[in-house]
>>> print(open('protein_14.tsv').read())   # TSV, C-alpha atoms
chain	number	residue	atom	x	y	z
Z	1	MET	CA	121.09	86.92	80.17
Z	2	ASP	CA	118.34	84.44	80.89
Z	3	THR	CA	115.60	86.85	79.93
Z	4	LEU	CA	117.02	87.38	76.45
Z	5	LEU	CA	117.52	84.20	74.46
Z	6	ILE	CA	118.52	83.46	70.87
Z	7	ASN	CA	115.90	81.52	68.91
Z	8	ARG	CA	117.01	79.54	65.84
Z	9	LYS	CA	113.99	77.26	65.59
Z	10	GLU	CA	111.94	76.59	62.47
Z	11	GLY	CA	114.54	78.21	60.21
Z	12	ILE	CA	113.43	81.70	61.22
Z	13	GLY	CA	116.96	82.80	61.98
Z	14	ASN	CA	118.40	84.62	64.94
Z	15	ARG	CA	116.02	86.63	67.06
Z	16	PHE	CA	115.82	87.76	70.62
Z	17	GLU	CA	113.33	86.23	72.95
Z	18	ILE	CA	111.98	87.60	76.21
Z	19	THR	CA	110.96	85.05	78.81
Z	20	GLY	CA	108.23	85.24	81.43
Z	21	THR	CA	110.85	86.31	83.95
Z	22	GLY	CA	111.80	89.20	81.67
Z	23	LEU	CA	108.18	90.33	81.43
Z	24	LYS	CA	107.86	90.20	85.21
Z	25	LEU	CA	110.95	92.37	85.61
Z	26	ILE	CA	109.55	94.95	83.19
Z	27	ALA	CA	106.25	94.90	85.08
Z	28	ILE	CA	107.71	95.44	88.55
Z	29	LEU	CA	110.13	98.16	87.43
Z	30	THR	CA	107.49	100.19	85.61
Z	31	MET	CA	105.09	99.69	88.53
Z	32	PHE	CA	107.72	100.99	90.95
Z	33	VAL	CA	108.24	104.09	88.79
Z	34	ASP	CA	104.49	104.68	88.67
Z	35	HIS	CA	103.99	104.32	92.41
Z	36	PHE	CA	107.02	106.50	93.18
Z	37	ALA	CA	105.41	109.27	91.12
Z	38	LEU	CA	101.94	108.78	92.58
Z	39	GLY	CA	103.21	108.53	96.15
Z	40	PRO	CA	106.37	110.31	97.35
Z	41	LEU	CA	106.88	112.56	94.30
Z	42	ALA	CA	103.29	113.81	94.23
Z	43	SER	CA	103.37	114.49	97.98
Z	44	TRP	CA	106.65	116.38	97.68
Z	45	ILE	CA	105.39	118.50	94.78
Z	46	ILE	CA	102.18	119.40	96.64
Z	47	GLU	CA	104.09	120.29	99.79
Z	48	ASN	CA	106.65	122.46	97.99
Z	49	THR	CA	104.40	124.11	95.39
Z	50	PRO	CA	104.04	127.40	97.35
Z	51	SER	CA	107.81	127.95	97.27
Z	52	MET	CA	108.29	127.02	93.58
Z	53	SER	CA	108.50	129.35	90.65
Z	54	PRO	CA	106.03	128.64	87.81
Z	55	ASP	CA	108.83	127.23	85.63
Z	56	THR	CA	110.08	124.93	88.40
Z	57	TYR	CA	106.58	123.72	89.10
Z	58	ALA	CA	106.01	123.05	85.38
Z	59	SER	CA	109.23	121.01	85.21
Z	60	TYR	CA	108.29	118.82	88.17
Z	61	TYR	CA	104.72	118.50	86.87
Z	62	THR	CA	106.04	117.29	83.51
Z	63	PHE	CA	108.44	114.88	85.23
Z	64	TYR	CA	105.55	113.50	87.27
Z	65	HIS	CA	103.48	112.81	84.17
Z	66	VAL	CA	106.41	111.20	82.36
Z	67	LEU	CA	106.83	108.75	85.25
Z	68	ARG	CA	103.09	108.10	85.34
Z	69	GLY	CA	103.21	107.41	81.61
Z	70	ILE	CA	105.97	104.86	82.13
Z	71	GLY	CA	103.85	103.29	84.84
Z	72	ARG	CA	101.07	102.57	82.34
Z	73	MET	CA	103.21	99.75	80.97
Z	74	SER	CA	102.87	97.61	84.08
Z	75	PHE	CA	99.27	96.53	84.54
Z	76	PRO	CA	98.62	95.09	81.04
Z	77	ILE	CA	101.74	92.94	81.43
Z	78	TYR	CA	100.44	91.66	84.76
Z	79	CYS	CA	97.12	90.85	83.07
Z	80	TYR	CA	98.89	88.98	80.28
Z	81	LEU	CA	101.04	87.05	82.76
Z	82	LEU	CA	97.92	86.14	84.74
Z	83	VAL	CA	96.35	84.64	81.62
Z	84	GLU	CA	99.55	82.72	80.91
Z	85	GLY	CA	99.79	81.61	84.54
Z	86	VAL	CA	96.24	80.24	84.57
Z	87	ASP	CA	96.96	78.33	81.35
Z	88	HIS	CA	100.03	76.66	82.87
Z	89	THR	CA	99.30	76.34	86.58
Z	90	ARG	CA	98.92	72.87	88.06
Z	91	ASN	CA	96.77	74.02	90.96
Z	92	ILE	CA	94.41	76.94	90.45
Z	93	LYS	CA	93.41	76.98	94.13
Z	94	LYS	CA	97.00	77.45	95.31
Z	95	TYR	CA	97.46	80.15	92.69
Z	96	ALA	CA	94.38	81.98	94.01
Z	97	VAL	CA	95.51	81.60	97.63
Z	98	ARG	CA	98.89	83.15	96.80
Z	99	ILE	CA	97.26	86.16	95.15
Z	100	LEU	CA	94.76	86.50	98.03
Z	101	THR	CA	97.60	86.39	100.58
Z	102	VAL	CA	99.54	89.15	98.83
Z	103	ALA	CA	96.34	91.20	98.42
Z	104	LEU	CA	95.72	91.05	102.17
Z	105	LEU	CA	99.36	91.88	102.98
Z	106	SER	CA	99.31	94.83	100.60
Z	107	GLU	CA	96.06	96.57	101.49
Z	108	ILE	CA	97.22	98.52	104.56
Z	109	PRO	CA	100.47	99.83	102.99
Z	110	PHE	CA	98.54	100.62	99.77
Z	111	ASP	CA	95.93	102.64	101.63
Z	112	TYR	CA	98.50	104.38	103.81
Z	113	LEU	CA	100.83	105.34	100.94
Z	114	PHE	CA	98.16	106.76	98.67
Z	115	TYR	CA	95.48	107.91	101.12
Z	116	GLY	CA	97.32	108.47	104.41
Z	117	ARG	CA	95.13	106.08	106.39
Z	118	PHE	CA	95.27	102.41	107.33
Z	119	PHE	CA	91.92	101.55	105.76
Z	120	TYR	CA	90.32	103.25	102.77
Z	121	TRP	CA	87.38	101.25	101.46
Z	122	TYR	CA	86.86	103.15	98.20
Z	123	HIS	CA	90.05	102.09	96.41
Z	124	ASN	CA	91.57	98.65	96.94
Z	125	ASN	CA	94.93	97.43	95.66
Z	126	VAL	CA	95.47	95.85	92.26
Z	127	LEU	CA	95.86	92.29	93.57
Z	128	TRP	CA	92.11	92.19	94.19
Z	129	VAL	CA	91.32	92.80	90.51
Z	130	LEU	CA	93.86	90.13	89.55
Z	131	LEU	CA	92.19	87.71	91.97
Z	132	LEU	CA	88.77	88.50	90.52
Z	133	GLY	CA	90.22	88.09	87.04
Z	134	LEU	CA	91.63	84.72	88.06
Z	135	ILE	CA	88.16	83.62	89.16
Z	136	CYS	CA	86.73	84.69	85.81
Z	137	LEU	CA	89.43	82.76	83.95
Z	138	HIS	CA	88.76	79.67	86.03
Z	139	LEU	CA	85.08	79.92	85.15
Z	140	TYR	CA	86.13	80.23	81.52
Z	141	SER	CA	87.80	76.83	81.74
Z	142	LEU	CA	84.59	75.33	83.13
Z	143	VAL	CA	82.41	76.54	80.24
Z	144	GLU	CA	84.82	75.56	77.43
Z	145	LYS	CA	82.89	72.32	76.78
Z	146	TYR	CA	79.66	74.15	75.90
Z	147	GLU	CA	78.82	75.22	72.35
Z	148	ALA	CA	77.85	78.67	73.58
Z	149	SER	CA	81.13	79.04	75.47
Z	150	LEU	CA	81.94	82.45	73.94
Z	151	ALA	CA	78.56	83.86	74.95
Z	152	LEU	CA	78.98	82.40	78.43
Z	153	LYS	CA	82.45	83.94	78.67
Z	154	MET	CA	81.05	87.34	77.79
Z	155	VAL	CA	78.41	86.95	80.52
Z	156	ILE	CA	81.12	85.99	83.03
Z	157	MET	CA	83.17	89.02	81.96
Z	158	CYS	CA	80.22	91.37	82.45
Z	159	VAL	CA	79.45	89.94	85.89
Z	160	GLY	CA	83.14	90.23	86.84
Z	161	MET	CA	83.20	93.84	85.64
Z	162	ALA	CA	80.16	94.65	87.79
Z	163	VAL	CA	81.73	93.05	90.86
Z	164	ALA	CA	84.98	94.96	90.26
Z	165	HIS	CA	83.08	98.23	89.94
Z	166	PHE	CA	81.15	97.85	93.18
Z	167	THR	CA	84.10	96.55	95.22
Z	168	PHE	CA	86.31	99.55	94.26
Z	169	VAL	CA	89.29	97.45	93.18
Z	170	ASP	CA	92.14	99.17	91.35
Z	171	TYR	CA	91.41	99.42	87.60
Z	172	GLY	CA	87.85	98.26	88.32
Z	173	GLU	CA	85.76	97.03	85.43
Z	174	ALA	CA	88.45	98.10	82.96
Z	175	GLY	CA	90.91	95.68	84.56
Z	176	ILE	CA	88.51	92.73	84.35
Z	177	CYS	CA	87.68	93.53	80.74
Z	178	CYS	CA	91.40	93.67	79.93
Z	179	ILE	CA	92.09	90.29	81.55
Z	180	CYS	CA	89.09	88.57	79.95
Z	181	LEU	CA	89.74	89.92	76.44
Z	182	ILE	CA	93.37	88.84	76.58
Z	183	SER	CA	92.26	85.35	77.64
Z	184	ILE	CA	89.62	85.05	74.90
Z	185	LEU	CA	91.90	86.26	72.10
Z	186	ASN	CA	95.27	84.87	73.23
Z	187	GLY	CA	96.88	82.06	71.22
Z	188	GLU	CA	100.10	80.17	70.62
Z	189	ASP	CA	101.56	82.27	67.79
Z	190	PHE	CA	102.94	85.75	68.30
Z	191	ARG	CA	100.29	87.44	66.10
Z	192	THR	CA	97.42	86.34	68.33
Z	193	ARG	CA	99.47	87.29	71.40
Z	194	ILE	CA	99.89	90.80	70.02
Z	195	ILE	CA	96.20	91.09	69.06
Z	196	ALA	CA	95.14	89.88	72.53
Z	197	PHE	CA	97.47	92.30	74.30
Z	198	MET	CA	96.42	95.26	72.14
Z	199	ALA	CA	92.75	94.45	72.73
Z	200	GLY	CA	93.37	94.43	76.48
Z	201	VAL	CA	95.15	97.78	76.37
Z	202	GLY	CA	92.39	99.18	74.17
Z	203	ALA	CA	89.79	98.12	76.74
Z	204	LEU	CA	91.75	99.91	79.46
Z	205	ALA	CA	91.91	103.07	77.36
Z	206	VAL	CA	88.19	103.04	76.55
Z	207	LEU	CA	86.96	102.15	80.04
Z	208	SER	CA	89.58	103.99	82.11
Z	209	SER	CA	91.73	106.68	80.47
Z	210	SER	CA	93.30	107.32	77.08
Z	211	ILE	CA	96.71	107.55	78.77
Z	212	GLU	CA	96.58	103.75	79.06
Z	213	LEU	CA	97.31	103.64	75.32
Z	214	LEU	CA	100.96	104.30	76.21
Z	215	ALA	CA	101.10	100.64	77.21
Z	216	MET	CA	100.93	99.78	73.49
Z	217	ALA	CA	104.72	100.17	73.61
Z	218	MET	CA	104.78	96.84	75.44
Z	219	VAL	CA	103.64	95.11	72.25
Z	220	ILE	CA	107.35	94.79	71.47
Z	221	PRO	CA	108.31	92.62	74.49
Z	222	ILE	CA	105.03	90.68	74.12
Z	223	ALA	CA	105.96	89.95	70.49
Z	224	LEU	CA	109.36	88.71	71.65
Z	225	TYR	CA	107.79	86.42	74.26
Z	226	ARG	CA	107.59	82.79	73.09
Z	227	GLY	CA	105.99	81.20	76.13
Z	228	GLU	CA	109.25	80.32	77.89
Z	229	ARG	CA	109.17	80.74	81.66
Z	230	GLY	CA	112.85	81.63	81.94
Z	231	ARG	CA	114.92	81.43	85.09
Z	232	ASP	CA	112.83	80.05	87.91
Z	233	SER	CA	113.43	79.25	91.57
Z	234	ARG	CA	111.58	79.36	94.86
Z	235	PHE	CA	113.42	82.58	95.70
Z	236	LEU	CA	112.39	84.29	92.45
Z	237	ARG	CA	108.77	83.21	92.80
Z	238	THR	CA	108.68	84.53	96.36
Z	239	PHE	CA	110.41	87.75	95.31
Z	240	PHE	CA	107.91	88.50	92.55
Z	241	TYR	CA	104.95	87.87	94.85
Z	242	LEU	CA	106.29	89.87	97.80
Z	243	PHE	CA	107.67	92.73	95.74
Z	244	TYR	CA	104.27	94.42	95.68
Z	245	PRO	CA	103.75	94.87	99.44
Z	246	LEU	CA	107.47	95.41	100.06
Z	247	HIS	CA	107.83	98.18	97.49
Z	248	LEU	CA	104.78	99.93	98.99
Z	249	CYS	CA	106.43	99.84	102.41
Z	250	LEU	CA	109.67	101.16	100.93
Z	251	LEU	CA	107.85	104.05	99.26
Z	252	ILE	CA	106.12	104.90	102.54
Z	253	LEU	CA	109.59	105.20	104.09
Z	254	VAL	CA	110.81	107.34	101.18
Z	255	ASP	CA	107.75	109.56	101.50
Z	256	TYR	CA	108.41	110.00	105.21
Z	257	CYS	CA	112.10	110.83	104.64
Z	258	ILE	CA	111.53	113.50	102.00
>>> encode(input="protein_14.tsv", output="structure tokens")
Amino acid sequence: MDTLLINRKEGIGNRFEITGTGLKLIAILTMFVDHFALGPLASWIIENTPSMSPDTYASYYTFYHVLRGIGRMSFPIYCYLLVEGVDHTRNIKKYAVRILTVALLSEIPFDYLFYGRFFYWYHNNVLWVLLLGLICLHLYSLVEKYEASLALKMVIMCVGMAVAHFTFVDYGEAGICCICLISILNGEDFRTRIIAFMAGVGALAVLSSSIELLAMAMVIPIALYRGERGRDSRFLRTFFYLFYPLHLCLLILVDYCI
């Protein structure tokens, strides 16, 4: 498979490698599981609770939380991939426009799936926090030349967190903190990659919920990632961008059918 490669460089011996494409696949699959639980499954459980025995309800309740736990793996990977994408993109403006386009396409299905209305202003989809994170990372690149760049980066992060909080984007200030910490700590070798990822997950746990610590399991694929993009094509790039709004629409249909 393209996403799992054998690395024999630098005399290290044989070891598996996960490419960027592999990380994206993990992210979208765990996100789908999370949103299935939060959307159709939660609605079905609520609707059928009166007819369930206590044991049956407990089983479904446990199943729901297991799926939600799996879903915690997704967002930190997206944050890490955003940092990597900013480091390697040739055109930051086009990158931002793509995220903005998907954010706009996704907002109505996001609001309808999770809140049953076409517009809900108090919780906006995750693409908005990724877009805001992208802006912060772009500002990071502009302050790199200054001696006080780290202090300036921390100021940018705090401002970004405040904007995320007051615009009600998914993951809010925790998401911005996660993205910015990964960017500040990330490096070329796998140890700094792991430290950066763990710091991002830790920020999510502190600022959001301790359940986010389950994403620490994704340290393993991050450790196996060596910076290789993996299989790439126009179709795959389009698929990964459009998966978010399309899977929301699919889950709306599933919710309606059950």
>>> closest_atom_pairs(input="protein_14.tsv", of="stretch 60-105 of chain Z", to="stretch 226-248 of chain Z", cutoff="9 Å", atoms="all atoms listed in the file", output="Markdown table")
| residue | atom | partner | partner_atom | distance |
| --- | --- | --- | --- | --- |
| Z:Glu84 | CA | Z:Gly227 | CA | 8.2 |
| Z:Arg98 | CA | Z:Tyr241 | CA | 7.9 |
| Z:Ile99 | CA | Z:Tyr241 | CA | 7.9 |
| Z:Val102 | CA | Z:Tyr241 | CA | 6.8 |
| Z:Ala103 | CA | Z:Pro245 | CA | 8.3 |
| Z:Leu105 | CA | Z:Pro245 | CA | 6.4 |
>>> closest_residue(input="protein_14.tsv", among="Z:Lys153, Z:Lys24, Z:Lys93, Z:His35", to="Z:Leu81", atoms="all atoms listed in the file")
Z:Lys24
>>> residues_around(input="protein_14.tsv", residues="Z:Ile222", least_positions_apart="3", cutoff="9 Å", atoms="only C-alpha atoms", output="ChimeraX atom specification")
/Z:18,23,77,80,190,193-194,197,218-219,225-226
>>> residues_near_point(input="protein_14.tsv", point="(103.1, 96.0, 89.4)", cutoff="8 Å", atoms="only C-alpha atoms", output="list of chain:residue names")
Z:Ala27, Z:Ile28, Z:Leu29, Z:Thr30, Z:Met31, Z:Phe32, Z:Ser74, Z:Phe75, Z:Tyr78, Z:Tyr244
>>> closest_residue(input="protein_14.tsv", among="Z:Ala164, Z:Leu137, Z:Ile92, Z:Leu207", to="Z:Cys180", atoms="only C-alpha atoms")
Z:Leu137
>>> residues_around(input="protein_14.tsv", residues="Z:Ala96", least_positions_apart="5", cutoff="10 Å", atoms="only C-alpha atoms", output="PyMOL selection string")
chain Z and resi 86+91+101+130-132+134-135
>>> closest_residue(input="protein_14.tsv", among="Z:Ala37, Z:Leu185, Z:Leu213, Z:Val83", to="Z:Val254", atoms="all atoms listed in the file")
Z:Ala37
>>> closest_residue(input="protein_14.tsv", among="Z:Val163, Z:Cys79, Z:Cys249, Z:Ile220", to="Z:Glu17", atoms="only C-alpha atoms")
Z:Ile220
>>> closest_residue(input="protein_14.tsv", among="Z:Ile182, Z:Leu224, Z:Ile46, Z:Thr192", to="Z:Pro76", atoms="only C-alpha atoms")
Z:Ile182
>>> closest_residue(input="protein_14.tsv", among="Z:Leu25, Z:Leu181, Z:Tyr64, Z:Leu150", to="Z:Trp44", atoms="only C-alpha atoms")
Z:Tyr64
>>> atom_distance(input="protein_14.tsv", atom1="atom CA of Z:Gly202", atom2="atom CA of Z:Cys178")
8.0 Å
>>> atom_distance(input="protein_14.tsv", atom1="atom CA of Z:Ile156", atom2="atom CA of Z:Leu142")
11.2 Å
>>> atom_distance(input="protein_14.tsv", atom1="atom CA of Z:Phe118", atom2="atom CA of Z:Leu250")
15.8 Å
>>> residues_around(input="protein_14.tsv", residues="Z:Phe36", least_positions_apart="3", cutoff="9 Å", atoms="all atoms listed in the file", output="ChimeraX atom specification")
/Z:31-33,39-42,67-68,251,254-255
>>> residues_near_point(input="protein_14.tsv", point="(87.9, 81.1, 72.0)", cutoff="10 Å", atoms="all atoms listed in the file", output="PDB file with C-alpha atoms, keeping the file's coordinate frame")
ATOM      1  CA  TYR Z 140      86.130  80.230  81.520  1.00  0.00           C
ATOM      2  CA  GLU Z 144      84.820  75.560  77.430  1.00  0.00           C
ATOM      3  CA  SER Z 149      81.130  79.040  75.470  1.00  0.00           C
ATOM      4  CA  LEU Z 150      81.940  82.450  73.940  1.00  0.00           C
ATOM      5  CA  LYS Z 153      82.450  83.940  78.670  1.00  0.00           C
ATOM      6  CA  SER Z 183      92.260  85.350  77.640  1.00  0.00           C
ATOM      7  CA  ILE Z 184      89.620  85.050  74.900  1.00  0.00           C
ATOM      8  CA  LEU Z 185      91.900  86.260  72.100  1.00  0.00           C
ATOM      9  CA  ASN Z 186      95.270  84.870  73.230  1.00  0.00           C
ATOM     10  CA  GLY Z 187      96.880  82.060  71.220  1.00  0.00           C
TER      11      GLY Z 187
END
>>> axis_aligned_box(input="protein_14.tsv", around="stretch 18-30 of chain Z", padding_each_side="8 Å", output="JSON")
{"center_x": 109.1, "center_y": 92.6, "center_z": 82.4, "size_x": 21.7, "size_y": 31.1, "size_z": 28.3}
